[in-house]
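Note sheet for the following structure.
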Amino acid sequence: MSESVVFALTLSDGAKRTNLSDLPVSEAAWIHFDALQFGVEADLLALGLTAPVIERLLASETRPRLIQMHDGLLLILRGINLNLDQDPVDMISLRIWVQDQLIITVRRQPLASVQEVRQQVESGDGPKTVQGVLIHILAALADRVSRYIDGLTERVDAAEDALETSFDLTALAISDLRRQIASLRRFIAPQRDALFELARGNTQRLSETETDQVRDQADRFMRYVEDLELIRERASFVQEGLNHRLHDAQNKRGYLLSLVAGLFLPATLITGVFGMNVGGLPGVDSPLGFFWVVGSMAGLSLAILLWFQMRRWW
């Protein structure tokens, strides 16, 4: 098998083929390519794909979209990144080319959704048609997005509880949550649009039942976009509440420092006056002078404290 081919299956029995030439023309087949391997372009050309299609399948940067051509459908999707030491919201691109009896998928990183559908096909419990593979891939992608959004919902729930109960809550955690929401929505929204376009398209490659199934998956992604909008709003409210709590705490500290400074203001004034190096200061020659000064400072501070309490400032 070519280095660029991850696997090649006939959908009737899930049989593995060692070479592309072994795939029967009369049977539905699924070929999965690794775009980073040597010879992938030549293999796609050998399958009869045109240069514009190959260019889009192997593009380094993509966003979810649907392109309908006279000889097939090109669908570019994104899936949750579940690879080790990877950020899940750094979503993996999956490029799909659909013809009558052939579905070609191209990856740049391993994608768990594709592996799940592959196992179903190989076990004999998976789809038997090209359109069935496409719909199963859409469902697998949606399932993982759903689970990830559930995790985001739990995190914003915990953040709201922490804000209400005064538990530890950092602005960095909320900022990271909002970053993940924005990153996920960046690809989920156009993916929803692409699937709705596929469901509305006048294509003979999908039956009425299959079109309804694609529309169901598009509806799921639309709900996910709405869920992300709600989570983003809730995270914004938590951020505002956290900012208000931090601002209120800073104001209380500043207010307390102002009161303490007010209490010691008379003492500062008296020590400044008696610290002048001039003659004629009262009590300089008296053995009780120090006690009179200290008593005066304490009395004035006590009087200011009582005045604060009368004004309900303390």
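Lettering and numbering for the structure tokens are positional, with chains as A, B, ... in the shown order, residues counted from 1 in each chain, and ligands counted from 1 in the shown order.
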
| query | Hey, what does DSSP flag as helix (DSSP H, G or I) within segment 200-288 of chain A? Can you give it to me as a PyMOL selection string? | reply | chain A and resi 200+208-263+265-274

| said: From a backbone DSSP assignment, name each residue in segment 31-121 of chain A labelled strand (DSSP E), as a VMD selection string. | reply: chain A and resid 31 to 34 65 to 69 72 to 79 92 to 98 102 to 107

| Exercise: segment 109-125 of chain A partners within 9 Å, only C-alpha atoms, chain neighbours under 5 positions left out, as a PyMOL selection string | chain A and resi 7+9-16+32+34-36+79-83+92-94+133+136-141+143-144

Export of prior selection with N, CA and C atoms as a JSON list (two decimals), in the first residue's frame:
```json
[["chain", "number", "residue", "atom", "x", "y", "z"],
["A", 7, "PHE", "N", -5.73, 3.89, 5.13],
["A", 7, "PHE", "CA", -6.47, 2.63, 4.94],
["A", 7, "PHE", "C", -7.35, 2.78, 3.69],
["A", 9, "LEU", "N", -10.84, 0.68, 2.17],
["A", 9, "LEU", "CA", -11.85, -0.32, 2.50],
["A", 9, "LEU", "C", -12.92, -0.39, 1.43],
["A", 10, "THR", "N", -13.39, -1.58, 1.17],
["A", 10, "THR", "CA", -14.63, -1.73, 0.41],
["A", 10, "THR", "C", -15.77, -1.76, 1.42],
["A", 11, "LEU", "N", -16.84, -1.05, 1.14],
["A", 11, "LEU", "CA", -17.90, -0.86, 2.14],
["A", 11, "LEU", "C", -18.85, -2.04, 2.22],
["A", 12, "SER", "N", -18.84, -2.92, 1.23],
["A", 12, "SER", "CA", -19.77, -4.04, 1.26],
["A", 12, "SER", "C", -19.43, -5.02, 2.38],
["A", 13, "ASP", "N", -18.12, -5.25, 2.59],
["A", 13, "ASP", "CA", -17.74, -6.20, 3.64],
["A", 13, "ASP", "C", -16.65, -5.68, 4.57],
["A", 14, "GLY", "N", -16.22, -4.44, 4.34],
["A", 14, "GLY", "CA", -15.18, -3.88, 5.18],
["A", 14, "GLY", "C", -13.82, -4.50, 4.98],
["A", 15, "ALA", "N", -13.63, -5.17, 3.84],
["A", 15, "ALA", "CA", -12.37, -5.86, 3.60],
["A", 15, "ALA", "C", -11.23, -4.87, 3.40],
["A", 16, "LYS", "N", -10.08, -5.18, 3.94],
["A", 16, "LYS", "CA", -8.91, -4.33, 3.76],
["A", 16, "LYS", "C", -8.23, -4.67, 2.43],
["A", 32, "HIS", "N", -8.72, 6.58, 2.86],
["A", 32, "HIS", "CA", -8.31, 7.63, 3.78],
["A", 32, "HIS", "C", -6.83, 7.92, 3.58],
["A", 34, "ASP", "N", -3.22, 10.40, 4.19],
["A", 34, "ASP", "CA", -2.46, 11.31, 5.04],
["A", 34, "ASP", "C", -1.81, 12.34, 4.13],
["A", 35, "ALA", "N", -2.21, 13.60, 4.25],
["A", 35, "ALA", "CA", -1.74, 14.64, 3.33],
["A", 35, "ALA", "C", -0.27, 14.96, 3.51],
["A", 36, "LEU", "N", 0.34, 14.54, 4.63],
["A", 36, "LEU", "CA", 1.73, 14.87, 4.89],
["A", 36, "LEU", "C", 2.70, 13.80, 4.41],
["A", 79, "GLY", "N", -12.83, 18.74, 13.30],
["A", 79, "GLY", "CA", -13.17, 17.88, 14.41],
["A", 79, "GLY", "C", -12.35, 18.21, 15.64],
["A", 80, "ILE", "N", -12.89, 17.88, 16.81],
["A", 80, "ILE", "CA", -12.19, 18.11, 18.08],
["A", 80, "ILE", "C", -10.86, 17.37, 18.09],
["A", 81, "ASN", "N", -9.81, 18.06, 18.52],
["A", 81, "ASN", "CA", -8.47, 17.49, 18.56],
["A", 81, "ASN", "C", -8.28, 16.72, 19.87],
["A", 82, "LEU", "N", -8.30, 15.39, 19.78],
["A", 82, "LEU", "CA", -8.12, 14.55, 20.95],
["A", 82, "LEU", "C", -6.75, 13.91, 21.00],
["A", 83, "ASN", "N", -5.83, 14.38, 20.18],
["A", 83, "ASN", "CA", -4.47, 13.83, 20.18],
["A", 83, "ASN", "C", -3.73, 14.25, 21.45],
["A", 92, "ILE", "N", -9.02, 19.75, 14.16],
["A", 92, "ILE", "CA", -8.34, 19.08, 13.05],
["A", 92, "ILE", "C", -9.20, 19.18, 11.80],
["A", 93, "SER", "N", -8.56, 19.50, 10.69],
["A", 93, "SER", "CA", -9.26, 19.61, 9.42],
["A", 93, "SER", "C", -9.42, 18.23, 8.78],
["A", 94, "LEU", "N", -10.63, 17.96, 8.27],
["A", 94, "LEU", "CA", -10.92, 16.73, 7.53],
["A", 94, "LEU", "C", -11.51, 17.12, 6.19],
["A", 133, "VAL", "N", -21.19, 6.50, 4.91],
["A", 133, "VAL", "CA", -19.93, 6.84, 5.56],
["A", 133, "VAL", "C", -19.90, 8.33, 5.89],
["A", 136, "HIS", "N", -22.18, 9.05, 8.84],
["A", 136, "HIS", "CA", -21.60, 8.53, 10.08],
["A", 136, "HIS", "C", -20.45, 9.41, 10.55],
["A", 137, "ILE", "N", -19.64, 9.91, 9.63],
["A", 137, "ILE", "CA", -18.55, 10.81, 10.01],
["A", 137, "ILE", "C", -19.11, 12.10, 10.61],
["A", 138, "LEU", "N", -20.17, 12.65, 9.98],
["A", 138, "LEU", "CA", -20.79, 13.86, 10.52],
["A", 138, "LEU", "C", -21.31, 13.62, 11.94],
["A", 139, "ALA", "N", -21.93, 12.47, 12.15],
["A", 139, "ALA", "CA", -22.47, 12.16, 13.48],
["A", 139, "ALA", "C", -21.35, 12.00, 14.50],
["A", 140, "ALA", "N", -20.25, 11.34, 14.10],
["A", 140, "ALA", "CA", -19.13, 11.15, 15.02],
["A", 140, "ALA", "C", -18.49, 12.49, 15.38],
["A", 141, "LEU", "N", -18.34, 13.38, 14.40],
["A", 141, "LEU", "CA", -17.80, 14.72, 14.68],
["A", 141, "LEU", "C", -18.72, 15.47, 15.64],
["A", 143, "ASP", "N", -20.84, 14.23, 17.82],
["A", 143, "ASP", "CA", -20.83, 13.62, 19.16],
["A", 143, "ASP", "C", -19.68, 14.17, 20.00],
["A", 144, "ARG", "N", -18.52, 14.30, 19.41],
["A", 144, "ARG", "CA", -17.36, 14.79, 20.16],
["A", 144, "ARG", "C", -17.47, 16.28, 20.47]]
```

Using only C-alpha atoms, what table do you get, as CSV, when you list each residue of segment 52-136 of chain A with an atom no more than 10 Å from segment 206-221 of chain A, its nearest pair of atoms, and their distance in Å rounded to one decimal, rows by chain then rising number?
```
residue,atom,partner,partner_atom,distance
A:Asp100,CA,A:Leu206,CA,9.8
A:Val130,CA,A:Leu206,CA,9.8
A:Gln131,CA,A:Leu206,CA,6.8
A:Gly132,CA,A:Glu210,CA,7.9
A:Leu134,CA,A:Val214,CA,8.9
A:Ile135,CA,A:Val214,CA,6.4
A:His136,CA,A:Gln213,CA,9.7
```

Okay, now the selection with C-alpha atoms, as a tab-separated table (two decimals), in the first residue's frame?
```
chain	number	residue	atom	x	y	z
A	100	ASP	CA	-20.89	7.90	-6.80
A	130	VAL	CA	-20.54	6.20	0.38
A	131	GLN	CA	-23.32	8.48	1.63
A	132	GLY	CA	-23.62	6.36	4.77
A	134	LEU	CA	-20.33	10.60	5.14
A	135	ILE	CA	-23.33	10.73	7.48
A	136	HIS	CA	-21.60	8.53	10.08
```

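The smallest atom-to-atom distance between Pro190 of chain A and any of A:Ile174, A:Ala42, A:Val225, A:Ile31, using only C-alpha atoms, is found for A:Val225.
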
| field | Near-segment 156-165 of chain A list (12 Å; only C-alpha atoms; drop same-chain fewer than 2 positions) as a ChimeraX atom specification | value | /A:149-154,167-178,180-181,227-228,230-246

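With only C-alpha atoms taken into account, the protein and nucleic acid residues at most 10 Å from segment 267-271 of chain A (excluding it and anything under 5 positions from it in its own chain) are A:Ala261, A:Gly262, A:Met276, A:Val293, A:Val294, A:Ser296, A:Met297, A:Ala298, A:Gly299, A:Leu300, A:Ser301.
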